[in-house]
Structures are given as structure tokens and as C-alpha cells.
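Heads up, the thing below is written out as C-alpha cells.
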Amino acid sequence: MSIAAIISLCLTAGLFIISSLFKIAGKLRLGIPLIYLLIAVVSTFFTRWTMEHEQLVLMGLYIVIGLTALSWIISLIKTIRRRRDEKYLEDDVAWQIQRAREMGVPLDKIQFNGQGDLLDPRTGEPVIYGQATSFNDI
């Protein structure tokens, strides 16, 4: 094998590894810390400033990683809230359908309005749960 083929093979493998790192980092939202780390590593070969101010460079990396962790926490909180709201909506719809059944509302063509109220298919009006129904089980 010639030296050019070996260099080409090493370059291709290196680019594949870097590409894979960026794909994984993108999925984990670690792209910015990875770029920061790569710049810090590469800059050590070209300037003495990075080596002289290593603590400052590391502090910047820690701040970027901390902001990424904060982003993860915020996303986790939003996901928990969204799932809780979806569960609440599902329970509310099930309760409204149960009440409509108890009231004798036909459920063949049910619809909901923008506020999430079950509409009576006969009248098009929201079903009023206080009419002719007792709320003993609430």
C-alpha cells in the first residue's frame, strides 16, 4: 500500500468518527460543548495563550456544559407538564363521555368544541352536566 492510500484511509476514518460524534452530540444537544472542546484542543497547538490560561478555558467549557444540563432540565419539565396535560385531557374526555351516556345523549356523532366541551349531536350545544343528573359520585 502506498503512503497516499494510508493517509486517505486515515483521513476518511477520522472524518467518519468526527461525523459520528457530531450526530450523537446533536441528538444529546451536546453540539456546542463538543465544538467548544474541539476548538480548545486545536487551539493548544497554535497558541500559548490557551496553555497559559487553561483554567479560563476549562471554566468556559464547564459553563457551556452547565447551560446544556439546564436545557435538559427545562426540556424534562416541559415533557412532564405536557404528558400531565394530555392525561388530564384524556380523563376529562372520558368523564364527559360517561356523563353523556348517563344522560342518554347519542354518542354516534360526538364532537368537542374549542374549549373541550362535549357537544350534543342533536342540538350542537355543549352538554350541561347539571341537567337531570346528580353529582353524587364527584
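Labeling convention for the C-alpha cells: chains A, B, ... as they appear, residues from 1 per chain, ligands from 1 in order of appearance.
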DSSP on the backbone, then: every residue of chain A marked strand (DSSP E or B), written as a list in words.
->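 Assigned to strand (DSSP E or B), within chain A: Gln111, Phe112, Leu118, Leu119 and Pro126 of chain A.
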Expected file contents, prior selection, all heavy atoms, as a JSON list (two decimals), in the first residue's frame:
```json
[["chain", "number", "residue", "atom", "x", "y", "z"],
["A", 111, "GLN", "N", -68.88, 15.42, 19.04],
["A", 111, "GLN", "CA", -67.86, 16.40, 18.69],
["A", 111, "GLN", "C", -67.53, 17.21, 19.95],
["A", 111, "GLN", "O", -68.33, 17.28, 20.87],
["A", 111, "GLN", "CB", -68.37, 17.35, 17.61],
["A", 111, "GLN", "CG", -68.62, 16.70, 16.28],
["A", 111, "GLN", "CD", -69.11, 17.71, 15.26],
["A", 111, "GLN", "OE1", -69.40, 18.86, 15.58],
["A", 111, "GLN", "NE2", -69.20, 17.28, 14.01],
["A", 112, "PHE", "N", -66.36, 17.83, 19.92],
["A", 112, "PHE", "CA", -65.94, 18.70, 21.00],
["A", 112, "PHE", "C", -65.68, 20.09, 20.44],
["A", 112, "PHE", "O", -65.19, 20.23, 19.33],
["A", 112, "PHE", "CB", -64.66, 18.17, 21.67],
["A", 112, "PHE", "CG", -64.88, 16.90, 22.45],
["A", 112, "PHE", "CD1", -64.80, 15.66, 21.84],
["A", 112, "PHE", "CD2", -65.18, 16.96, 23.79],
["A", 112, "PHE", "CE1", -65.01, 14.50, 22.54],
["A", 112, "PHE", "CE2", -65.39, 15.80, 24.51],
["A", 112, "PHE", "CZ", -65.30, 14.57, 23.89],
["A", 118, "LEU", "N", -68.01, 18.64, 25.37],
["A", 118, "LEU", "CA", -68.72, 17.70, 24.52],
["A", 118, "LEU", "C", -69.99, 18.35, 24.00],
["A", 118, "LEU", "O", -70.77, 18.92, 24.77],
["A", 118, "LEU", "CB", -69.06, 16.43, 25.31],
["A", 118, "LEU", "CG", -69.85, 15.35, 24.58],
["A", 118, "LEU", "CD1", -68.97, 14.74, 23.49],
["A", 118, "LEU", "CD2", -70.31, 14.29, 25.53],
["A", 119, "LEU", "N", -70.19, 18.29, 22.67],
["A", 119, "LEU", "CA", -71.38, 18.89, 22.07],
["A", 119, "LEU", "C", -72.44, 17.81, 21.84],
["A", 119, "LEU", "O", -72.14, 16.71, 21.39],
["A", 119, "LEU", "CB", -71.03, 19.55, 20.73],
["A", 119, "LEU", "CG", -69.99, 20.67, 20.79],
["A", 119, "LEU", "CD1", -69.67, 21.17, 19.38],
["A", 119, "LEU", "CD2", -70.48, 21.81, 21.65],
["A", 126, "PRO", "N", -73.20, 22.62, 23.94],
["A", 126, "PRO", "CA", -72.45, 21.82, 24.92],
["A", 126, "PRO", "C", -73.39, 21.11, 25.88],
["A", 126, "PRO", "O", -74.44, 21.65, 26.24],
["A", 126, "PRO", "CB", -71.62, 22.87, 25.67],
["A", 126, "PRO", "CG", -71.55, 24.05, 24.77],
["A", 126, "PRO", "CD", -72.82, 24.02, 23.97]]
```
Hey, what's within 12 Å of Ser19 of chain A if we count only C-alpha atoms and toss same-chain stuff fewer than 6 positions away? As a ChimeraX atom specification, please?
-> /A:12-13,25-26,31,34
Compile a residue-level contact table for segment 4-51 of chain A against segment 71-81 of chain A at a cut-off of 12 Å, reporting for every qualifying residue the shortest atom pair and its distance in Å to one decimal, with only C-alpha atoms counted, rows ordered by chain and ascending number, as a Markdown table.
```
| residue | atom | partner | partner_atom | distance |
| --- | --- | --- | --- | --- |
| A:Lys27 | CA | A:Trp72 | CA | 11.7 |
| A:Leu28 | CA | A:Trp72 | CA | 8.9 |
| A:Arg29 | CA | A:Trp72 | CA | 8.3 |
| A:Leu30 | CA | A:Trp72 | CA | 10.2 |
```
Keeping only C-alpha atoms, write those residues as a PDB file, in the first residue's frame.
```pdb
ATOM      1  CA  LYS A  27     -29.100  14.028  19.498  1.00  0.00           C
ATOM      2  CA  LEU A  28     -27.979  14.737  23.066  1.00  0.00           C
ATOM      3  CA  ARG A  29     -27.814  18.501  22.476  1.00  0.00           C
ATOM      4  CA  LEU A  30     -24.099  18.496  23.193  1.00  0.00           C
TER       5      LEU A  30
END
```
When you draw a straight line from atom CA of Ile65 of chain A to atom CA of Val42 of chain A, how long is it in Å?
->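 Going from atom CA of Ile65 of chain A over to atom CA of Val42 of chain A, I get 18.8 Å.
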So how far away is atom CA of Met59 of chain A from atom CA of Ile17 of chain A, in Å?
-> 26.5 Å
Counting only C-alpha atoms, which of A:Arg82, A:Ser43, A:Gly124, A:Ile97 gets nearest to Val57 of chain A?
->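 The answer is A:Ser43, which sits nearest to Val57 of chain A.
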Atom CA of Ile128 of chain A and atom CA of Met103 of chain A are how many Å apart?
-> 9.7 Å
Within 12 Å of Thr50 of chain A, counting only C-alpha atoms, which residues qualify if same-chain residues fewer than 4 places away don't, as a ChimeraX atom specification?
-> /A:37,39-46,54-58,60
Shortest interatomic distance to Tyr88 of chain A - which of A:Ser8, A:Leu21, A:Gly116, A:Glu52, counting only C-alpha atoms =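 Under the stated criterion, the closest residue is A:Gly116.
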Would you mind writing down, as JSON, numbers by chain, each residue of chain A that DSSP on the backbone assigns to alpha helix (DSSP H)?
-> {"A": [3, 4, 5, 6, 7, 8, 9, 10, 11, 12, 13, 14, 15, 16, 17, 18, 19, 20, 21, 22, 23, 24, 25, 26, 27, 31, 32, 33, 34, 35, 36, 37, 38, 39, 40, 41, 42, 43, 44, 45, 46, 49, 50, 51, 52, 54, 55, 56, 57, 58, 59, 60, 61, 62, 63, 64, 65, 66, 67, 68, 69, 70, 71, 72, 73, 74, 75, 76, 77, 78, 79, 80, 81, 82, 83, 84, 85, 86, 87, 88, 89, 90, 91, 92, 93, 94, 95, 96, 97, 98, 99, 100, 101, 102, 103]}
Keeping only C-alpha atoms, write those residues as a short mmCIF file (atom, residue, chain, number, x, y, z; two decimals), in the first residue's frame.
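Written file, selection_21.cif:
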```cif
data_model
loop_
_atom_site.label_atom_id
_atom_site.label_comp_id
_atom_site.auth_asym_id
_atom_site.auth_seq_id
_atom_site.Cartn_x
_atom_site.Cartn_y
_atom_site.Cartn_z
CA ILE A 3 1.57 6.19 1.66
CA ALA A 4 -1.16 8.17 -0.13
CA ALA A 5 -3.65 5.32 0.33
CA ILE A 6 -2.86 5.06 4.03
CA ILE A 7 -3.23 8.82 4.52
CA SER A 8 -6.51 8.77 2.60
CA LEU A 9 -7.79 5.85 4.67
CA CYS A 10 -6.83 7.54 7.96
CA LEU A 11 -8.39 10.82 6.87
CA THR A 12 -11.63 9.07 5.86
CA ALA A 13 -11.80 7.16 9.16
CA GLY A 14 -11.09 10.35 11.12
CA LEU A 15 -13.82 12.28 9.32
CA PHE A 16 -16.25 9.39 9.86
CA ILE A 17 -15.50 9.40 13.60
CA ILE A 18 -15.92 13.18 13.83
CA SER A 19 -19.17 12.97 11.84
CA SER A 20 -20.49 10.25 14.18
CA LEU A 21 -19.50 12.32 17.23
CA PHE A 22 -21.44 15.30 15.92
CA LYS A 23 -24.51 13.17 15.15
CA ILE A 24 -24.51 11.71 18.66
CA ALA A 25 -23.80 15.12 20.19
CA GLY A 26 -26.66 16.62 18.17
CA LYS A 27 -29.10 14.03 19.50
CA GLY A 31 -23.07 20.04 19.87
CA ILE A 32 -21.97 23.38 21.29
CA PRO A 33 -19.87 21.85 24.10
CA LEU A 34 -18.27 19.48 21.56
CA ILE A 35 -17.40 22.36 19.23
CA TYR A 36 -16.00 24.33 22.20
CA LEU A 37 -13.90 21.35 23.29
CA LEU A 38 -12.58 20.77 19.77
CA ILE A 39 -11.65 24.45 19.39
CA ALA A 40 -9.90 24.39 22.77
CA VAL A 41 -7.94 21.26 21.85
CA VAL A 42 -6.97 22.51 18.40
CA SER A 43 -6.03 25.95 19.69
CA THR A 44 -3.49 24.44 22.09
CA PHE A 45 -1.38 23.50 19.08
CA PHE A 46 -1.36 27.05 17.70
CA TRP A 49 -2.46 31.61 25.41
CA THR A 50 -4.62 28.50 25.75
CA MET A 51 -1.94 26.70 27.73
CA GLU A 52 -1.27 29.74 29.89
CA GLU A 54 -6.07 26.64 30.97
CA GLN A 55 -8.32 27.39 33.96
CA LEU A 56 -10.22 30.02 31.97
CA VAL A 57 -10.68 27.63 29.03
CA LEU A 58 -11.95 24.89 31.35
CA MET A 59 -14.27 27.35 33.10
CA GLY A 60 -15.79 28.20 29.72
CA LEU A 61 -16.28 24.50 28.99
CA TYR A 62 -17.94 23.97 32.37
CA ILE A 63 -20.28 26.90 31.77
CA VAL A 64 -21.30 25.56 28.35
CA ILE A 65 -21.90 22.08 29.79
CA GLY A 66 -23.88 23.61 32.67
CA LEU A 67 -26.08 25.51 30.22
CA THR A 68 -26.65 22.28 28.30
CA ALA A 69 -27.65 20.49 31.51
CA LEU A 70 -30.02 23.36 32.31
CA SER A 71 -31.52 22.95 28.84
CA TRP A 72 -32.05 19.24 29.55
CA ILE A 73 -33.79 20.02 32.84
CA ILE A 74 -36.08 22.58 31.21
CA SER A 75 -36.97 20.08 28.46
CA LEU A 76 -37.68 17.40 31.05
CA ILE A 77 -40.00 19.73 32.96
CA LYS A 78 -41.83 20.67 29.75
CA THR A 79 -42.23 17.00 28.80
CA ILE A 80 -43.62 16.13 32.23
CA ARG A 81 -46.10 19.02 32.06
CA ARG A 82 -47.17 18.12 28.53
CA ARG A 83 -47.79 14.47 29.48
CA ARG A 84 -49.69 15.54 32.59
CA ASP A 85 -51.87 17.86 30.50
CA GLU A 86 -52.51 15.09 27.95
CA LYS A 87 -53.50 12.70 30.75
CA TYR A 88 -55.81 15.35 32.21
CA LEU A 89 -57.44 15.89 28.82
CA GLU A 90 -57.92 12.15 28.29
CA ASP A 91 -59.52 11.79 31.73
CA ASP A 92 -61.77 14.80 31.09
CA VAL A 93 -62.95 13.43 27.74
CA ALA A 94 -63.65 10.02 29.29
CA TRP A 95 -65.62 11.67 32.09
CA GLN A 96 -67.65 13.77 29.63
CA ILE A 97 -68.49 10.72 27.52
CA GLN A 98 -69.53 8.79 30.63
CA ARG A 99 -71.79 11.65 31.73
CA ALA A 100 -73.29 11.94 28.24
CA ARG A 101 -74.08 8.22 28.30
CA GLU A 102 -75.77 8.63 31.68
CA MET A 103 -77.84 11.49 30.28
#
```
